[in-house]
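What follows is the content of my_file-v2.pdb, which has PDB, C-alpha atoms, pLDDT in the B column:
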ATOM      1  CA  MET A 272     -10.976 -10.698   1.643  1.00 59.00           C
ATOM      2  CA  LEU A 273     -11.980 -12.417  -1.638  1.00 67.00           C
ATOM      3  CA  GLU A 274     -15.456 -10.945  -1.637  1.00 74.00           C
ATOM      4  CA  TYR A 275     -14.039  -7.407  -1.436  1.00 91.00           C
ATOM      5  CA  THR A 276     -11.410  -7.839  -4.164  1.00 97.00           C
ATOM      6  CA  CYS A 277     -11.591  -7.251  -7.919  1.00 98.00           C
ATOM      7  CA  CYS A 278      -9.019  -7.825 -10.637  1.00 98.00           C
ATOM      8  CA  PHE A 279      -8.809  -6.780 -14.266  1.00 98.00           C
ATOM      9  CA  THR A 280      -7.994  -8.615 -17.458  1.00 97.00           C
ATOM     10  CA  GLY A 281      -8.100  -7.340 -20.997  1.00 96.00           C
ATOM     11  CA  HIS A 282      -6.491  -6.905 -24.349  1.00 93.00           C
ATOM     12  CA  ARG A 283      -3.309  -5.032 -25.053  1.00 92.00           C
ATOM     13  CA  PRO A 284      -3.474  -2.042 -27.423  1.00 92.00           C
ATOM     14  CA  GLN A 285      -2.266  -3.954 -30.485  1.00 91.00           C
ATOM     15  CA  SER A 286      -5.282  -6.286 -30.125  1.00 91.00           C
ATOM     16  CA  LEU A 287      -7.812  -3.455 -29.985  1.00 93.00           C
ATOM     17  CA  PRO A 288      -9.294  -1.890 -33.144  1.00 93.00           C
ATOM     18  CA  TRP A 289      -7.773   1.536 -32.371  1.00 95.00           C
ATOM     19  CA  GLY A 290      -4.325   0.291 -31.286  1.00 93.00           C
ATOM     20  CA  TYR A 291      -2.456   2.884 -29.239  1.00 93.00           C
ATOM     21  CA  HIS A 292      -4.757   5.777 -30.290  1.00 94.00           C
ATOM     22  CA  GLU A 293      -6.512   6.482 -26.986  1.00 96.00           C
ATOM     23  CA  GLY A 294      -8.203   9.560 -28.456  1.00 96.00           C
ATOM     24  CA  ASP A 295     -10.263   7.301 -30.735  1.00 97.00           C
ATOM     25  CA  PRO A 296     -13.974   7.615 -29.808  1.00 97.00           C
ATOM     26  CA  ARG A 297     -14.223   3.818 -29.393  1.00 97.00           C
ATOM     27  CA  CYS A 298     -11.378   3.851 -26.853  1.00 97.00           C
ATOM     28  CA  ILE A 299     -12.907   6.799 -25.005  1.00 97.00           C
ATOM     29  CA  SER A 300     -16.226   4.938 -24.871  1.00 97.00           C
ATOM     30  CA  LEU A 301     -14.576   1.766 -23.576  1.00 97.00           C
ATOM     31  CA  LYS A 302     -12.721   3.686 -20.878  1.00 98.00           C
ATOM     32  CA  HIS A 303     -16.008   5.313 -19.811  1.00 98.00           C
ATOM     33  CA  ARG A 304     -17.660   1.885 -19.553  1.00 98.00           C
ATOM     34  CA  LEU A 305     -14.650   0.468 -17.684  1.00 98.00           C
ATOM     35  CA  LYS A 306     -14.794   3.280 -15.134  1.00 98.00           C
ATOM     36  CA  GLY A 307     -18.525   2.618 -14.767  1.00 98.00           C
ATOM     37  CA  GLU A 308     -17.827  -1.042 -13.963  1.00 98.00           C
ATOM     38  CA  ILE A 309     -15.222  -0.030 -11.371  1.00 98.00           C
ATOM     39  CA  LEU A 310     -17.744   2.302  -9.753  1.00 98.00           C
ATOM     40  CA  CYS A 311     -20.346  -0.475  -9.855  1.00 97.00           C
ATOM     41  CA  ALA A 312     -17.852  -2.783  -8.120  1.00 97.00           C
ATOM     42  CA  ILE A 313     -17.351  -0.190  -5.393  1.00 97.00           C
ATOM     43  CA  HIS A 314     -21.023   0.700  -4.919  1.00 97.00           C
ATOM     44  CA  ASP A 315     -22.841  -2.565  -5.635  1.00 95.00           C
ATOM     45  CA  HIS A 316     -20.271  -5.135  -4.456  1.00 95.00           C
ATOM     46  CA  ASP A 317     -18.446  -3.151  -1.754  1.00 96.00           C
ATOM     47  CA  ILE A 318     -15.113  -3.797  -3.503  1.00 97.00           C
ATOM     48  CA  ARG A 319     -12.271  -2.014  -1.732  1.00 97.00           C
ATOM     49  CA  TYR A 320      -9.220  -3.859  -3.093  1.00 98.00           C
ATOM     50  CA  PHE A 321      -8.203  -3.923  -6.753  1.00 98.00           C
ATOM     51  CA  LEU A 322      -5.514  -5.954  -8.517  1.00 98.00           C
ATOM     52  CA  SER A 323      -3.926  -4.945 -11.821  1.00 98.00           C
ATOM     53  CA  GLY A 324      -1.509  -7.120 -13.797  1.00 98.00           C
ATOM     54  CA  MET A 325       0.006  -3.939 -15.251  1.00 98.00           C
ATOM     55  CA  ALA A 326      -0.003  -4.990 -18.907  1.00 97.00           C
ATOM     56  CA  GLN A 327      -0.342  -2.247 -21.503  1.00 96.00           C
ATOM     57  CA  GLY A 328      -3.878  -1.230 -22.377  1.00 96.00           C
ATOM     58  CA  VAL A 329      -6.765  -2.324 -20.172  1.00 97.00           C
ATOM     59  CA  ASP A 330      -4.672  -3.153 -17.081  1.00 97.00           C
ATOM     60  CA  THR A 331      -2.951   0.235 -17.218  1.00 97.00           C
ATOM     61  CA  TRP A 332      -6.192   2.151 -17.792  1.00 98.00           C
ATOM     62  CA  ALA A 333      -7.936   0.340 -14.932  1.00 98.00           C
ATOM     63  CA  ALA A 334      -5.023   1.001 -12.565  1.00 98.00           C
ATOM     64  CA  GLU A 335      -5.055   4.703 -13.456  1.00 98.00           C
ATOM     65  CA  MET A 336      -8.812   4.828 -12.843  1.00 98.00           C
ATOM     66  CA  VAL A 337      -8.489   3.187  -9.433  1.00 98.00           C
ATOM     67  CA  LEU A 338      -5.751   5.663  -8.493  1.00 98.00           C
ATOM     68  CA  GLU A 339      -7.977   8.537  -9.619  1.00 98.00           C
ATOM     69  CA  LEU A 340     -10.927   7.173  -7.636  1.00 98.00           C
ATOM     70  CA  GLN A 341      -8.803   6.979  -4.478  1.00 98.00           C
ATOM     71  CA  ARG A 342      -9.471  10.708  -4.117  1.00 97.00           C
ATOM     72  CA  ASP A 343     -13.139   9.937  -3.403  1.00 97.00           C
ATOM     73  CA  TYR A 344     -13.117   6.346  -2.094  1.00 98.00           C
ATOM     74  CA  SER A 345     -11.140   4.362   0.429  1.00 97.00           C
ATOM     75  CA  ILE A 346      -9.830   1.794  -2.066  1.00 98.00           C
ATOM     76  CA  PHE A 347      -6.504  -0.009  -2.452  1.00 98.00           C
ATOM     77  CA  LEU A 348      -4.512  -0.823  -5.605  1.00 98.00           C
ATOM     78  CA  GLU A 349      -2.094  -3.740  -5.766  1.00 98.00           C
ATOM     79  CA  CYS A 350       0.012  -4.002  -8.912  1.00 98.00           C
ATOM     80  CA  VAL A 351       0.965  -7.600  -9.669  1.00 98.00           C
ATOM     81  CA  LEU A 352       4.082  -7.945 -11.825  1.00 98.00           C
ATOM     82  CA  PRO A 353       4.734 -11.254 -13.562  1.00 98.00           C
ATOM     83  CA  CYS A 354       8.487 -10.542 -13.758  1.00 97.00           C
ATOM     84  CA  ARG A 355      10.854  -7.665 -13.082  1.00 96.00           C
ATOM     85  CA  ASP A 356      11.422  -6.736 -16.754  1.00 95.00           C
ATOM     86  CA  GLN A 357       7.775  -6.807 -17.871  1.00 95.00           C
ATOM     87  CA  ALA A 358       7.938  -3.340 -19.460  1.00 96.00           C
ATOM     88  CA  ILE A 359      11.490  -3.396 -20.816  1.00 95.00           C
ATOM     89  CA  ARG A 360      10.514  -3.456 -24.516  1.00 94.00           C
ATOM     90  CA  TRP A 361       7.490  -1.184 -24.310  1.00 95.00           C
ATOM     91  CA  PRO A 362       7.319   2.211 -26.039  1.00 93.00           C
ATOM     92  CA  TYR A 363       8.708   5.077 -23.951  1.00 94.00           C
ATOM     93  CA  GLU A 364       5.319   6.580 -23.053  1.00 93.00           C
ATOM     94  CA  SER A 365       3.970   3.188 -21.930  1.00 94.00           C
ATOM     95  CA  ARG A 366       7.012   2.668 -19.682  1.00 96.00           C
ATOM     96  CA  ARG A 367       6.578   6.156 -18.220  1.00 97.00           C
ATOM     97  CA  ARG A 368       2.923   5.455 -17.356  1.00 97.00           C
ATOM     98  CA  TYR A 369       3.873   2.069 -15.915  1.00 98.00           C
ATOM     99  CA  ARG A 370       6.493   3.580 -13.589  1.00 98.00           C
ATOM    100  CA  SER A 371       4.107   6.361 -12.555  1.00 98.00           C
ATOM    101  CA  ILE A 372       1.430   3.855 -11.548  1.00 98.00           C
ATOM    102  CA  LEU A 373       3.933   1.726  -9.618  1.00 98.00           C
ATOM    103  CA  GLN A 374       5.087   4.801  -7.687  1.00 98.00           C
ATOM    104  CA  ARG A 375       1.512   5.735  -6.721  1.00 98.00           C
ATOM    105  CA  CYS A 376      -0.088   2.343  -6.026  1.00 98.00           C
ATOM    106  CA  ASN A 377      -0.490   0.939  -2.522  1.00 98.00           C
ATOM    107  CA  GLN A 378       1.453  -2.273  -3.083  1.00 98.00           C
ATOM    108  CA  VAL A 379       3.658  -3.870  -5.737  1.00 98.00           C
ATOM    109  CA  THR A 380       3.844  -7.665  -5.812  1.00 98.00           C
ATOM    110  CA  LEU A 381       6.625  -9.184  -7.914  1.00 98.00           C
ATOM    111  CA  LEU A 382       5.860 -12.832  -8.613  1.00 98.00           C
ATOM    112  CA  GLN A 383       9.258 -13.784 -10.027  1.00 96.00           C
ATOM    113  CA  SER A 384      12.438 -11.956 -10.941  1.00 95.00           C
ATOM    114  CA  GLN A 385      13.042 -13.471 -14.382  1.00 95.00           C
ATOM    115  CA  TYR A 386      10.757 -13.938 -17.370  1.00 95.00           C
ATOM    116  CA  SER A 387       9.478 -17.468 -18.065  1.00 95.00           C
ATOM    117  CA  GLN A 388       6.990 -18.734 -20.638  1.00 95.00           C
ATOM    118  CA  ASP A 389       4.290 -19.151 -18.016  1.00 96.00           C
ATOM    119  CA  CYS A 390       4.870 -15.985 -15.945  1.00 96.00           C
ATOM    120  CA  PHE A 391       1.869 -14.122 -17.414  1.00 96.00           C
ATOM    121  CA  GLN A 392      -0.440 -17.077 -16.836  1.00 96.00           C
ATOM    122  CA  ARG A 393       0.868 -17.374 -13.275  1.00 97.00           C
ATOM    123  CA  ARG A 394       0.200 -13.658 -12.734  1.00 98.00           C
ATOM    124  CA  ASN A 395      -3.364 -14.015 -14.035  1.00 97.00           C
ATOM    125  CA  GLN A 396      -4.038 -17.046 -11.829  1.00 97.00           C
ATOM    126  CA  TYR A 397      -2.624 -15.212  -8.797  1.00 98.00           C
ATOM    127  CA  MET A 398      -5.076 -12.358  -9.353  1.00 98.00           C
ATOM    128  CA  ILE A 399      -8.086 -14.591 -10.057  1.00 98.00           C
ATOM    129  CA  ASP A 400      -7.386 -16.775  -7.024  1.00 97.00           C
ATOM    130  CA  ARG A 401      -7.440 -13.673  -4.805  1.00 97.00           C
ATOM    131  CA  SER A 402     -10.521 -11.991  -6.311  1.00 97.00           C
ATOM    132  CA  GLY A 403     -14.248 -12.372  -6.000  1.00 96.00           C
ATOM    133  CA  LEU A 404     -14.974 -10.216  -9.046  1.00 97.00           C
ATOM    134  CA  VAL A 405     -13.229  -9.993 -12.420  1.00 98.00           C
ATOM    135  CA  ILE A 406     -13.715  -7.108 -14.837  1.00 98.00           C
ATOM    136  CA  ALA A 407     -12.688  -8.285 -18.303  1.00 98.00           C
ATOM    137  CA  VAL A 408     -12.370  -6.419 -21.578  1.00 97.00           C
ATOM    138  CA  TRP A 409     -12.562  -9.265 -24.052  1.00 96.00           C
ATOM    139  CA  ASN A 410     -13.652  -9.568 -27.671  1.00 93.00           C
ATOM    140  CA  GLY A 411     -14.456 -13.281 -27.368  1.00 92.00           C
ATOM    141  CA  THR A 412     -11.475 -14.534 -29.375  1.00 90.00           C
ATOM    142  CA  PRO A 413      -8.906 -17.086 -28.169  1.00 91.00           C
ATOM    143  CA  SER A 414      -6.254 -15.126 -26.265  1.00 92.00           C
ATOM    144  CA  GLY A 415      -4.584 -14.732 -22.894  1.00 92.00           C
ATOM    145  CA  THR A 416      -7.603 -12.688 -21.834  1.00 95.00           C
ATOM    146  CA  GLY A 417      -9.891 -15.493 -22.975  1.00 95.00           C
ATOM    147  CA  ASN A 418      -7.855 -18.027 -20.989  1.00 96.00           C
ATOM    148  CA  THR A 419      -8.095 -15.804 -17.916  1.00 97.00           C
ATOM    149  CA  VAL A 420     -11.869 -15.424 -18.275  1.00 97.00           C
ATOM    150  CA  ARG A 421     -12.266 -19.210 -18.620  1.00 97.00           C
ATOM    151  CA  TYR A 422     -10.077 -19.790 -15.547  1.00 98.00           C
ATOM    152  CA  ALA A 423     -12.119 -17.263 -13.536  1.00 97.00           C
ATOM    153  CA  LYS A 424     -15.418 -18.895 -14.521  1.00 97.00           C
ATOM    154  CA  ALA A 425     -14.042 -22.363 -13.719  1.00 98.00           C
ATOM    155  CA  LYS A 426     -13.142 -21.034 -10.262  1.00 97.00           C
ATOM    156  CA  GLY A 427     -16.700 -19.735  -9.809  1.00 96.00           C
ATOM    157  CA  LYS A 428     -15.773 -16.054  -9.910  1.00 97.00           C
ATOM    158  CA  LEU A 429     -18.212 -13.336 -10.895  1.00 96.00           C
ATOM    159  CA  VAL A 430     -17.034 -12.029 -14.292  1.00 97.00           C
ATOM    160  CA  TYR A 431     -18.213  -8.789 -15.910  1.00 97.00           C
ATOM    161  CA  THR A 432     -17.206  -8.692 -19.559  1.00 97.00           C
ATOM    162  CA  LEU A 433     -16.995  -5.547 -21.652  1.00 96.00           C
ATOM    163  CA  THR A 434     -16.708  -5.953 -25.418  1.00 94.00           C
ATOM    164  CA  PRO A 435     -14.253  -3.465 -26.962  1.00 92.00           C
TER
END
Mind converting the file's structure to C-alpha cells?
Amino acid sequence: MLEYTCCFTGHRPQSLPWGYHEGDPRCISLKHRLKGEILCAIHDHDIRYFLSGMAQGVDTWAAEMVLELQRDYSIFLECVLPCRDQAIRWPYESRRRYRSILQRCNQVTLLQSQYSQDCFQRRNQYMIDRSGLVIAVWNGTPSGTGNTVRYAKAKGKLVYTLTP
C-alpha cells in the first residue's frame, strides 16, 4: 500500500507570510499549486490513499482538497490525530473546519488520547512510515515541517516540496 499512499506536511498559518488571511494572493497561489501536486500524485503516481495530520494551515487545506476531489476520483482520506484535544485552543473557525473534515473523511486514526511533548512527531512519523510520497509546504527553515521532511528523506521517501 505504501506506493499508493501520500501524506502532507507543512507550516501552520502563523508561520506563513499571510497568516490566517486565506484571501491573500500568495495563499491562493499556494493552494492552487498544492492542488496541482495532489492531482499529479493521483495521475502520475496512482496515489489513491491520502493521510493528513490535521494541523491548521497546509494539512487542513490538503484534506479539504482531497475531499473535494473525491467527487471525481476514487481516493481515500485518513485523518491522523496526534491526540484527542489537538484543536482545543484553535480559533472557532479553525475548529469548525477541523470537525467538518473529520465528519467527511473516510477514516480517523487517533494515535493517543492525551497530549505529550512528542505526540506531533509521532504523528508525523506514523504518516511518513505509511507513505510512498510526501507533499511538503516548507520554507526551508528549521521547524517541525523541516524535521518531517528530513525524516521522510532519511526513509527514502519521494518528497515534493512547495515553497510558500
Residue with the minimum atom-to-atom distance to A:Ser300, picked from A:Asn418, A:Gly411, A:Thr434, A:Met398 with all atoms listed in the file counted, is A:Thr434
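Selection by the PyMOL selection byres ((chain A and resi 341) around 12) on the present file picks out Ile309, Leu310, Ile313, Arg319, Tyr320, Phe321, Ala334, Glu335, Met336, Val337, Leu338, Glu339, Leu340, Arg342, Asp343, Tyr344, Ser345, Ile346, Phe347, Leu348, Arg375, Cys376 and Asn377 of chain A.
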Would you export the selected residues with C-alpha atoms as a JSON list (two decimals), in the frame of the given file, please?
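Resulting contents of out.json:
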[["chain", "number", "residue", "atom", "x", "y", "z"],
["A", 309, "ILE", "CA", -15.22, -0.03, -11.37],
["A", 310, "LEU", "CA", -17.74, 2.30, -9.75],
["A", 313, "ILE", "CA", -17.35, -0.19, -5.39],
["A", 319, "ARG", "CA", -12.27, -2.01, -1.73],
["A", 320, "TYR", "CA", -9.22, -3.86, -3.09],
["A", 321, "PHE", "CA", -8.20, -3.92, -6.75],
["A", 334, "ALA", "CA", -5.02, 1.00, -12.56],
["A", 335, "GLU", "CA", -5.06, 4.70, -13.46],
["A", 336, "MET", "CA", -8.81, 4.83, -12.84],
["A", 337, "VAL", "CA", -8.49, 3.19, -9.43],
["A", 338, "LEU", "CA", -5.75, 5.66, -8.49],
["A", 339, "GLU", "CA", -7.98, 8.54, -9.62],
["A", 340, "LEU", "CA", -10.93, 7.17, -7.64],
["A", 342, "ARG", "CA", -9.47, 10.71, -4.12],
["A", 343, "ASP", "CA", -13.14, 9.94, -3.40],
["A", 344, "TYR", "CA", -13.12, 6.35, -2.09],
["A", 345, "SER", "CA", -11.14, 4.36, 0.43],
["A", 346, "ILE", "CA", -9.83, 1.79, -2.07],
["A", 347, "PHE", "CA", -6.50, -0.01, -2.45],
["A", 348, "LEU", "CA", -4.51, -0.82, -5.60],
["A", 375, "ARG", "CA", 1.51, 5.74, -6.72],
["A", 376, "CYS", "CA", -0.09, 2.34, -6.03],
["A", 377, "ASN", "CA", -0.49, 0.94, -2.52]]
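The gap separating atom CA of A:Ala407 from atom CA of A:Lys428 is 11.8 Å, in Å to one decimal.
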Extract, using all atoms listed in the file, all DNA, RNA and protein residues at most 6 Å from A:Glu349, discarding same-chain residues fewer than 2 positions from it, and format them as a list in words. Leu322, Asn377, Gln378 and Val379 of chain A
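With only C-alpha atoms as the basis for measurement, A:Gln327 is the residue among A:Ala425, A:Asp295, A:Gln327, A:Gln392 that approaches A:Arg360 most closely.
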Nearby residues (only C-alpha atoms) at most 12 Å from stretch 361-364 of chain A, same-chain spacing under 5 positions excluded, as a list in words: Arg283, Pro284, Gln285, Tyr291, Ala326, Gln327, Gly328, Thr331, Asp356, Tyr369, Arg370 and Ser371 of chain A
Export of prior selection with C-alpha atoms as a short mmCIF file (atom, residue, chain, number, x, y, z; two decimals), keeping the file's coordinate frame:
data_model
loop_
_atom_site.label_atom_id
_atom_site.label_comp_id
_atom_site.auth_asym_id
_atom_site.auth_seq_id
_atom_site.Cartn_x
_atom_site.Cartn_y
_atom_site.Cartn_z
CA ARG A 283 -3.31 -5.03 -25.05
CA PRO A 284 -3.47 -2.04 -27.42
CA GLN A 285 -2.27 -3.95 -30.48
CA TYR A 291 -2.46 2.88 -29.24
CA ALA A 326 0.00 -4.99 -18.91
CA GLN A 327 -0.34 -2.25 -21.50
CA GLY A 328 -3.88 -1.23 -22.38
CA THR A 331 -2.95 0.24 -17.22
CA ASP A 356 11.42 -6.74 -16.75
CA TYR A 369 3.87 2.07 -15.92
CA ARG A 370 6.49 3.58 -13.59
CA SER A 371 4.11 6.36 -12.56
#
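Residue nearest A:Gly427 within the list A:Gly415, A:Gly290, A:Ile399, A:Ile406: A:Ile399 [criterion: smallest interatomic distance, only C-alpha atoms].
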Can you tell me, as number ranges by chain, what residues are no more than 12 Å from A:Arg393 when counting all atoms listed in the file, ignoring any on the same chain fewer than 5 positions away? A: 324, 351-354, 381-383, 386-388, 398-400, 415, 418-419, 422
Could you tell me, as a ChimeraX atom specification, exactly which residues end up selected when the PyMOL selection byres ((chain A and resi 274) around 10) is applied to this structure? /A:272-273,275-277,316-320,401-404,428-429
Please write out, as lines of an AutoDock Vina configuration file, where the centre of an axis-aligned box around all listed atoms of stretch 369-388 of chain A lies and how long its edges are, in Å to one decimal, after adding 6 Å on each side.
center_x = 6.3
center_y = -6.2
center_z = -11.6
size_x = 25.5
size_y = 37.1
size_z = 30.1
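Distance-wise, atom CA of A:Pro413 and atom CA of A:Ile372 end up 28.7 Å apart.
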Taking (-17.2, -6.7, -26.5) as a centre in this file's frame and 9 Å as the limit, can you find every polymer residue with an atom that close, using all atoms listed in the file, and give them as a PyMOL selection string? chain A and resi 408-411+432-435
The selected residues should be written to file as a CSV table (one decimal), keeping the file's coordinate frame (atoms: C-alpha atoms).
chain,number,residue,atom,x,y,z
A,408,VAL,CA,-12.4,-6.4,-21.6
A,409,TRP,CA,-12.6,-9.3,-24.1
A,410,ASN,CA,-13.7,-9.6,-27.7
A,411,GLY,CA,-14.5,-13.3,-27.4
A,432,THR,CA,-17.2,-8.7,-19.6
A,433,LEU,CA,-17.0,-5.5,-21.7
A,434,THR,CA,-16.7,-6.0,-25.4
A,435,PRO,CA,-14.3,-3.5,-27.0
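Remark: for A:Ala423, the closest of the candidate residues A:Gln396, A:Asp330, A:Ser384, A:Arg366 is A:Gln396 (distances computed over all atoms listed in the file).
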Distance in Å - atom CA of A:Asn395 versus atom CA of A:Glu308: 19.4 Å
Selected residue, from A:Leu373, A:Ala333, A:Leu287, A:His282, that lies nearest to A:Arg304 when counting all atoms listed in the file: A:Ala333
Write out as a PyMOL selection string each polymer residue whose atoms come within 10 Å of A:Ser414, counting all atoms listed in the file; drop sequence neighbours fewer than 6 positions from it. chain A and resi 281-282+286+420
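Nearest to A:Val329 of all the residues A:Phe391, A:Tyr397, A:Tyr431, A:Phe279 is A:Phe279, based on all atoms listed in the file.
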